[in-house]
Amino acid sequence: MAFTDLLDALGGVGRFQLVSTALLLLPCSLLACHNFLQNFTAAVPPHHCQSPANHSAAAVYGSGAWLRATVPLDPLGVPEPCRRFTRPQWALLSPNASVHGAATEGCKDGWVYDHSVFPSTIVTEWDLVCEARTLRDLAQSVYMAGVLAGAAVFGSLADRLGRKAPLVWSYLQLAVSGAATAYFSSFGTYCFCRFLMGMTFSGIILNSLSLVVEWMPTRGRTVAGILLGYSFTSGQLILAGVAYLIRPWRWLQFAVSVPFLVSFLYSWWLPESSRWLLLHGKSQVALKNLRKVAAMNGRKEEGERLTKEVVNSYIQSEFATGRPSNSVLDLFRTPAIRKVTCCLMVVWFCNSLAYYGLAMDLQKFGLSVYLVQVLFGVIDIPAMLVATASMIYVGRRATVASFLILAGLMVISNMFVPEDMQSLRTAQAALGKGCLASSFICVYLFTGELYPTEIRQMGMGFASVNARLGGLAAPLLTMLGEFSAILPPVGFGVPSILAGLAVCFLAETRDVPLVETIEAMERRVKERLSRKDAEEKVEEVSLQQPGVSPLKETI
């Protein structure tokens, strides 16, 4: 009898599972707000150089004429954002006048920003424009570096301290570091606090998913996994609404951070995973938690009949099938596992690179960032439904490969859409982002099914690290747009297509039993290759001797 049978006996998917899952997924939806927060807190409003101080001339000619005489216009007729004339060009005030070869200089006296849409952002506060514009993308890379560090730190702590303690701490750390980000006035401190916030992303996602799955019977896990994906999507819609209502960046930062104090307070009610407790010899605490779950699910009598011996008998049968891996080298030692690992490294890195590359620069579409954020969130809903149906009826490999290749084609084709067709450009990008979000959900399941039980957790963690590296590289790749406009779309689209091709080298896992050990997987691959060689020989014989039956020849 497996541990999941014990959960079924204590009410299955009962009131406890529903309440705890809701309490765990709610912060995950708010966590999406922090992932995409810089779309609003780091928005770049229209700006131009501060004109030289000359109050008498400005009073005589008016502010508009003074601006025209001191700041050149770009080809679209908008004031240049990073240059100004060294001396006022009064000739430009005459109708149809133009000046050629006038000397210009940088914005020595600062910039003037349009505050009509964004009253304040980190860009306007610290002048992250012109020569300093790369610091804006650097701040997002620092956040993604925190996500990468958090995956290592909180993943290790979860194995040693349990799932609950790192989760509770992550809630508190995110609330405090988020509020501190809104308080301090230094860009360096802002980046440091964003790093701490990024660390909590991994702590919350990994431990929330573990608690949901480890308290959920088998028949409820698929639905729980889908709900996690939709909670992240709903967070993007919540962010668009909150950002629209709260425009100043400090108050917006504060508004999406404080709710985690509430999560910190109620998280003390959540019980530790009984699976983890039993594996670490804490049978008495595990038994106490199981009895609470049984009582909440209306199975109090079944809970009272439980003993430490009965509970241990359930857990021993489930974890006797394989040894936990202690080394990441186990992912590369044997040929079949090495092939899976190398392909998944490409898939996870490229998927994350393209996903965050599309989702983190909404202003480039020329439409309202609030509208684009809503569109990018809504598109995930039908895309995930299609992906779920395709995984069930078509297969994992074809689904993931198709979504990745389609996303790459959408991104690359956007290069050939004229700049004035912003609606079409946005629609194509939204479709590509929806495909990438769906492939992310699919590849989580696919990865878990590809690795054998004894190294499954190690494989999932290693794949997640590659995804964080992709997210870290996305803002840096965006900076290449300063040198050539085609580099970012090519850099995001081509890897997505390559990842789709890499998926084709993986085995299909739909309706295939999970493998328990590395040896069993190597044996399965060898049997598959032997069967394929035999079929090729039969086919070769049938082609050489058309009159001979392949079956008779083999006999």
# chains A, B, ... in the order shown; residues from 1 in each chain; ligands from 1
$ residues_around --residues "stretch 126-141 of chain A" --least-positions-apart "4" --cutoff "7 Å" --atoms "only C-alpha atoms" --output "PyMOL selection string"
chain A and resi 42+82+122+145+191+472+475-476+479
$ closest_atom_pairs --of "stretch 337-427 of chain A" --to "stretch 491-506 of chain A" --cutoff "7 Å" --atoms "only C-alpha atoms" --output "JSON lines"
{"residue": "A:Val340", "atom": "CA", "partner": "A:Leu506", "partner_atom": "CA", "distance": 6.5}
{"residue": "A:Cys343", "atom": "CA", "partner": "A:Ala502", "partner_atom": "CA", "distance": 5.6}
{"residue": "A:Val346", "atom": "CA", "partner": "A:Ala499", "partner_atom": "CA", "distance": 5.9}
{"residue": "A:Val347", "atom": "CA", "partner": "A:Ala499", "partner_atom": "CA", "distance": 4.6}
{"residue": "A:Cys350", "atom": "CA", "partner": "A:Pro495", "partner_atom": "CA", "distance": 5.4}
{"residue": "A:Asn351", "atom": "CA", "partner": "A:Ser496", "partner_atom": "CA", "distance": 6.1}
{"residue": "A:Leu353", "atom": "CA", "partner": "A:Phe492", "partner_atom": "CA", "distance": 6.6}
{"residue": "A:Ala354", "atom": "CA", "partner": "A:Phe492", "partner_atom": "CA", "distance": 4.7}
{"residue": "A:Gly357", "atom": "CA", "partner": "A:Phe492", "partner_atom": "CA", "distance": 6.7}
{"residue": "A:Arg397", "atom": "CA", "partner": "A:Val503", "partner_atom": "CA", "distance": 6.3}
{"residue": "A:Val400", "atom": "CA", "partner": "A:Gly500", "partner_atom": "CA", "distance": 6.9}
{"residue": "A:Ala401", "atom": "CA", "partner": "A:Gly500", "partner_atom": "CA", "distance": 4.1}
{"residue": "A:Ser402", "atom": "CA", "partner": "A:Gly500", "partner_atom": "CA", "distance": 6.7}
{"residue": "A:Leu404", "atom": "CA", "partner": "A:Gly500", "partner_atom": "CA", "distance": 5.0}
{"residue": "A:Ile405", "atom": "CA", "partner": "A:Ile497", "partner_atom": "CA", "distance": 4.4}
{"residue": "A:Ala407", "atom": "CA", "partner": "A:Ser496", "partner_atom": "CA", "distance": 6.9}
{"residue": "A:Gly408", "atom": "CA", "partner": "A:Gly493", "partner_atom": "CA", "distance": 4.0}
{"residue": "A:Leu409", "atom": "CA", "partner": "A:Gly493", "partner_atom": "CA", "distance": 6.5}
{"residue": "A:Val411", "atom": "CA", "partner": "A:Gly493", "partner_atom": "CA", "distance": 5.2}
{"residue": "A:Ile412", "atom": "CA", "partner": "A:Gly493", "partner_atom": "CA", "distance": 5.4}
$ write_last_selection --atoms "C-alpha atoms" --output "PDB file, in the first residue's frame"
ATOM      1  CA  VAL A 340      17.553  13.294 -21.773  1.00  0.00           C
ATOM      2  CA  CYS A 343      18.039  17.874 -24.491  1.00  0.00           C
ATOM      3  CA  VAL A 346      18.389  23.210 -24.153  1.00  0.00           C
ATOM      4  CA  VAL A 347      14.595  23.115 -23.852  1.00  0.00           C
ATOM      5  CA  CYS A 350      15.552  28.438 -24.486  1.00  0.00           C
ATOM      6  CA  ASN A 351      11.933  28.318 -23.302  1.00  0.00           C
ATOM      7  CA  LEU A 353      14.871  32.904 -22.489  1.00  0.00           C
ATOM      8  CA  ALA A 354      12.138  33.479 -25.084  1.00  0.00           C
ATOM      9  CA  GLY A 357      12.228  38.145 -23.475  1.00  0.00           C
ATOM     10  CA  ARG A 397       6.640  15.317 -27.366  1.00  0.00           C
ATOM     11  CA  VAL A 400       5.941  20.690 -26.571  1.00  0.00           C
ATOM     12  CA  ALA A 401       7.803  20.704 -29.890  1.00  0.00           C
ATOM     13  CA  SER A 402       4.881  22.260 -31.767  1.00  0.00           C
ATOM     14  CA  LEU A 404       8.060  25.926 -29.116  1.00  0.00           C
ATOM     15  CA  ILE A 405       8.508  25.984 -32.901  1.00  0.00           C
ATOM     16  CA  ALA A 407       6.414  30.502 -30.773  1.00  0.00           C
ATOM     17  CA  GLY A 408       9.790  30.907 -32.457  1.00  0.00           C
ATOM     18  CA  LEU A 409       8.171  31.496 -35.843  1.00  0.00           C
ATOM     19  CA  VAL A 411       8.742  36.000 -32.798  1.00  0.00           C
ATOM     20  CA  ILE A 412      10.873  35.957 -35.947  1.00  0.00           C
TER      21      ILE A 412
END
$ closest_residue --among "A:Leu431, A:Thr517, A:Thr478, A:Gly150" --to "A:Leu450" --atoms "only C-alpha atoms"
A:Thr517
$ closest_residue --among "A:Ala520, A:Leu25, A:Ala103, A:Ala473" --to "A:Leu227" --atoms "only C-alpha atoms"
A:Leu25
$ select_by_dssp --residues "stretch 355-399 of chain A" --states "alpha helix (DSSP H)" --output "PyMOL selection string"
chain A and resi 355-359+369-378+380-393+396-399
$ write_last_selection --atoms "N, CA, C and O atoms" --output "compact mmCIF listing (two decimals), in the first residue's frame"
# COMPACT_ATOMS: atom_id res chain seq x y z
N TYR A 355 10.50 33.27 -23.28
CA TYR A 355 9.31 33.66 -22.52
C TYR A 355 9.51 35.02 -21.85
O TYR A 355 8.70 35.95 -22.01
N TYR A 356 10.60 35.16 -21.11
CA TYR A 356 10.85 36.42 -20.40
C TYR A 356 11.29 37.53 -21.36
O TYR A 356 11.08 38.71 -21.08
N GLY A 357 11.89 37.14 -22.48
CA GLY A 357 12.23 38.14 -23.47
C GLY A 357 11.00 38.82 -24.06
O GLY A 357 11.00 40.03 -24.33
N LEU A 358 9.92 38.04 -24.25
CA LEU A 358 8.68 38.61 -24.76
C LEU A 358 7.89 39.35 -23.69
O LEU A 358 7.32 40.42 -23.94
N ALA A 359 7.85 38.77 -22.50
CA ALA A 359 6.94 39.28 -21.47
C ALA A 359 7.48 40.47 -20.70
O ALA A 359 6.73 41.13 -19.98
N VAL A 369 0.57 49.81 -22.09
CA VAL A 369 1.19 48.66 -21.42
C VAL A 369 0.18 47.91 -20.56
O VAL A 369 0.30 46.70 -20.35
N TYR A 370 -0.84 48.59 -20.07
CA TYR A 370 -1.87 47.93 -19.28
C TYR A 370 -2.69 46.99 -20.15
O TYR A 370 -2.99 45.85 -19.76
N LEU A 371 -3.02 47.45 -21.37
CA LEU A 371 -3.78 46.61 -22.29
C LEU A 371 -2.95 45.41 -22.74
O LEU A 371 -3.45 44.27 -22.80
N VAL A 372 -1.68 45.64 -23.04
CA VAL A 372 -0.83 44.54 -23.49
C VAL A 372 -0.63 43.52 -22.37
O VAL A 372 -0.62 42.30 -22.61
N GLN A 373 -0.49 43.98 -21.12
CA GLN A 373 -0.34 43.06 -19.99
C GLN A 373 -1.57 42.17 -19.83
O GLN A 373 -1.46 40.96 -19.60
N VAL A 374 -2.76 42.76 -19.98
CA VAL A 374 -3.99 41.98 -19.91
C VAL A 374 -4.04 40.97 -21.05
O VAL A 374 -4.39 39.79 -20.85
N LEU A 375 -3.70 41.42 -22.25
CA LEU A 375 -3.73 40.52 -23.41
C LEU A 375 -2.76 39.36 -23.23
O LEU A 375 -3.09 38.21 -23.52
N PHE A 376 -1.56 39.65 -22.74
CA PHE A 376 -0.58 38.60 -22.53
C PHE A 376 -1.01 37.62 -21.44
O PHE A 376 -0.59 36.46 -21.45
N GLY A 377 -1.82 38.07 -20.49
CA GLY A 377 -2.33 37.16 -19.47
C GLY A 377 -3.50 36.34 -19.97
O GLY A 377 -3.58 35.13 -19.74
N VAL A 378 -4.42 36.98 -20.69
CA VAL A 378 -5.63 36.29 -21.16
C VAL A 378 -5.28 35.21 -22.18
O VAL A 378 -5.90 34.14 -22.20
N ASP A 380 -2.98 33.17 -22.26
CA ASP A 380 -2.51 31.93 -21.65
C ASP A 380 -3.65 30.96 -21.36
O ASP A 380 -3.45 29.74 -21.36
N ILE A 381 -4.85 31.48 -21.13
CA ILE A 381 -5.97 30.61 -20.73
C ILE A 381 -6.35 29.64 -21.83
O ILE A 381 -6.32 28.41 -21.63
N PRO A 382 -6.71 30.09 -23.05
CA PRO A 382 -7.01 29.11 -24.11
C PRO A 382 -5.80 28.31 -24.54
O PRO A 382 -5.92 27.13 -24.90
N ALA A 383 -4.60 28.93 -24.49
CA ALA A 383 -3.40 28.21 -24.90
C ALA A 383 -3.15 27.01 -23.98
O ALA A 383 -2.79 25.91 -24.45
N MET A 384 -3.34 27.20 -22.67
CA MET A 384 -3.13 26.09 -21.74
C MET A 384 -4.20 25.01 -21.90
O MET A 384 -3.92 23.81 -21.74
N LEU A 385 -5.42 25.41 -22.23
CA LEU A 385 -6.47 24.42 -22.47
C LEU A 385 -6.13 23.55 -23.68
O LEU A 385 -6.29 22.33 -23.66
N VAL A 386 -5.67 24.20 -24.75
CA VAL A 386 -5.28 23.45 -25.94
C VAL A 386 -4.10 22.54 -25.63
O VAL A 386 -4.07 21.38 -26.06
N ALA A 387 -3.14 23.04 -24.87
CA ALA A 387 -1.97 22.24 -24.53
C ALA A 387 -2.36 21.03 -23.69
O ALA A 387 -1.85 19.92 -23.91
N THR A 388 -3.27 21.22 -22.75
CA THR A 388 -3.70 20.10 -21.90
C THR A 388 -4.38 19.02 -22.73
O THR A 388 -4.09 17.82 -22.59
N ALA A 389 -5.30 19.43 -23.62
CA ALA A 389 -5.99 18.46 -24.47
C ALA A 389 -5.00 17.76 -25.40
O ALA A 389 -5.09 16.54 -25.63
N SER A 390 -4.04 18.52 -25.93
CA SER A 390 -3.06 17.93 -26.84
C SER A 390 -2.17 16.92 -26.13
O SER A 390 -1.83 15.86 -26.69
N MET A 391 -1.78 17.22 -24.89
CA MET A 391 -0.96 16.27 -24.14
C MET A 391 -1.70 14.96 -23.90
O MET A 391 -1.11 13.87 -23.95
N ILE A 392 -3.00 15.05 -23.66
CA ILE A 392 -3.79 13.86 -23.36
C ILE A 392 -4.02 13.02 -24.60
O ILE A 392 -3.89 11.79 -24.57
N TYR A 393 -4.37 13.66 -25.72
CA TYR A 393 -4.81 12.92 -26.91
C TYR A 393 -3.75 12.78 -27.99
O TYR A 393 -3.84 11.89 -28.83
N ARG A 396 3.04 14.12 -25.37
CA ARG A 396 3.85 15.18 -24.78
C ARG A 396 4.85 15.74 -25.78
O ARG A 396 5.01 16.96 -25.92
N ARG A 397 5.56 14.86 -26.49
CA ARG A 397 6.64 15.32 -27.37
C ARG A 397 6.12 16.21 -28.49
O ARG A 397 6.67 17.30 -28.73
N ALA A 398 5.08 15.79 -29.16
CA ALA A 398 4.54 16.59 -30.27
C ALA A 398 3.99 17.92 -29.77
O ALA A 398 4.13 18.95 -30.44
N THR A 399 3.38 17.92 -28.58
CA THR A 399 2.80 19.15 -28.04
C THR A 399 3.87 20.17 -27.71
O THR A 399 3.80 21.33 -28.14
$ residues_around --residues "A:Met144" --least-positions-apart "5" --cutoff "7 Å" --atoms "only C-alpha atoms" --output "ChimeraX atom specification"
/A:198,468,471-472
$ write_last_selection --atoms "N, CA, C and O atoms" --output "PDB file, in the first residue's frame"
ATOM      1  N   GLY A 198      13.798  38.141  -5.577  1.00  0.00           N
ATOM      2  CA  GLY A 198      13.914  37.054  -6.541  1.00  0.00           C
ATOM      3  C   GLY A 198      14.184  35.716  -5.872  1.00  0.00           C
ATOM      4  O   GLY A 198      13.670  34.679  -6.307  1.00  0.00           O
ATOM      5  N   ARG A 468      16.260  29.236 -14.996  1.00  0.00           N
ATOM      6  CA  ARG A 468      16.624  30.501 -14.348  1.00  0.00           C
ATOM      7  C   ARG A 468      17.774  31.187 -15.089  1.00  0.00           C
ATOM      8  O   ARG A 468      17.825  32.414 -15.170  1.00  0.00           O
ATOM      9  N   GLY A 471      16.168  32.940 -17.929  1.00  0.00           N
ATOM     10  CA  GLY A 471      15.528  34.177 -17.479  1.00  0.00           C
ATOM     11  C   GLY A 471      16.537  35.264 -17.157  1.00  0.00           C
ATOM     12  O   GLY A 471      16.278  36.455 -17.361  1.00  0.00           O
ATOM     13  N   LEU A 472      17.701  34.861 -16.660  1.00  0.00           N
ATOM     14  CA  LEU A 472      18.768  35.820 -16.356  1.00  0.00           C
ATOM     15  C   LEU A 472      19.344  36.423 -17.636  1.00  0.00           C
ATOM     16  O   LEU A 472      19.684  37.610 -17.692  1.00  0.00           O
TER      17      LEU A 472
END
$ closest_atom_pairs --of "stretch 140-186 of chain A" --to "stretch 200-207 of chain A" --cutoff "8 Å" --atoms "only C-alpha atoms" --output "CSV"
residue,atom,partner,partner_atom,distance
A:Val147,CA,A:Ser202,CA,5.8
A:Leu148,CA,A:Ser202,CA,7.7
A:Gly150,CA,A:Ser202,CA,5.3
A:Ala151,CA,A:Ser202,CA,5.0
A:Phe154,CA,A:Gly203,CA,5.2
A:Gly155,CA,A:Gly203,CA,7.2
A:Ala158,CA,A:Asn207,CA,7.2
A:Arg163,CA,A:Asn207,CA,5.3
A:Lys164,CA,A:Asn207,CA,7.2
A:Pro166,CA,A:Gly203,CA,6.4
A:Leu167,CA,A:Ile204,CA,5.5
A:Ser170,CA,A:Thr200,CA,5.0
A:Tyr171,CA,A:Ile204,CA,7.3
A:Gln173,CA,A:Thr200,CA,6.9
A:Leu174,CA,A:Thr200,CA,6.1
$ residues_around --residues "A:Leu23" --least-positions-apart "4" --cutoff "9 Å" --atoms "only C-alpha atoms" --output "mmCIF file with N, CA and C atoms, in the first residue's frame"
data_model
loop_
_atom_site.group_PDB
_atom_site.id
_atom_site.type_symbol
_atom_site.label_atom_id
_atom_site.label_comp_id
_atom_site.auth_asym_id
_atom_site.auth_seq_id
_atom_site.Cartn_x
_atom_site.Cartn_y
_atom_site.Cartn_z
ATOM 1 N N LEU A 18 -8.671 21.086 -0.440
ATOM 2 C CA LEU A 18 -9.196 22.249 -1.158
ATOM 3 C C LEU A 18 -8.748 23.554 -0.493
ATOM 4 N N VAL A 19 -8.855 23.603 0.846
ATOM 5 C CA VAL A 19 -8.495 24.835 1.555
ATOM 6 C C VAL A 19 -6.994 25.092 1.477
ATOM 7 N N PRO A 27 -0.854 33.063 -2.913
ATOM 8 C CA PRO A 27 0.418 33.810 -2.992
ATOM 9 C C PRO A 27 1.158 33.585 -4.303
ATOM 10 N N SER A 263 -0.059 36.255 4.073
ATOM 11 C CA SER A 263 0.320 34.863 3.796
ATOM 12 C C SER A 263 1.265 34.336 4.879
ATOM 13 N N TYR A 266 -1.011 33.388 8.018
ATOM 14 C CA TYR A 266 -1.847 32.184 7.959
ATOM 15 C C TYR A 266 -1.044 30.931 7.607
ATOM 16 N N SER A 267 0.195 31.100 7.114
ATOM 17 C CA SER A 267 0.984 29.929 6.739
ATOM 18 C C SER A 267 1.359 29.083 7.945
ATOM 19 N N LEU A 270 -0.723 25.937 8.139
ATOM 20 C CA LEU A 270 -0.483 24.849 7.195
ATOM 21 C C LEU A 270 0.404 23.781 7.835
#
$ closest_residue --among "A:Gly77, A:Pro217, A:Gly229, A:Gly432" --to "A:Tyr444" --atoms "only C-alpha atoms"
A:Gly229
$ atom_distance --atom1 "atom CA of A:Leu424" --atom2 "atom CA of A:Tyr230"
25.7 Å
$ atom_distance --atom1 "atom CA of A:Ala286" --atom2 "atom CA of A:Val311"
8.5 Å
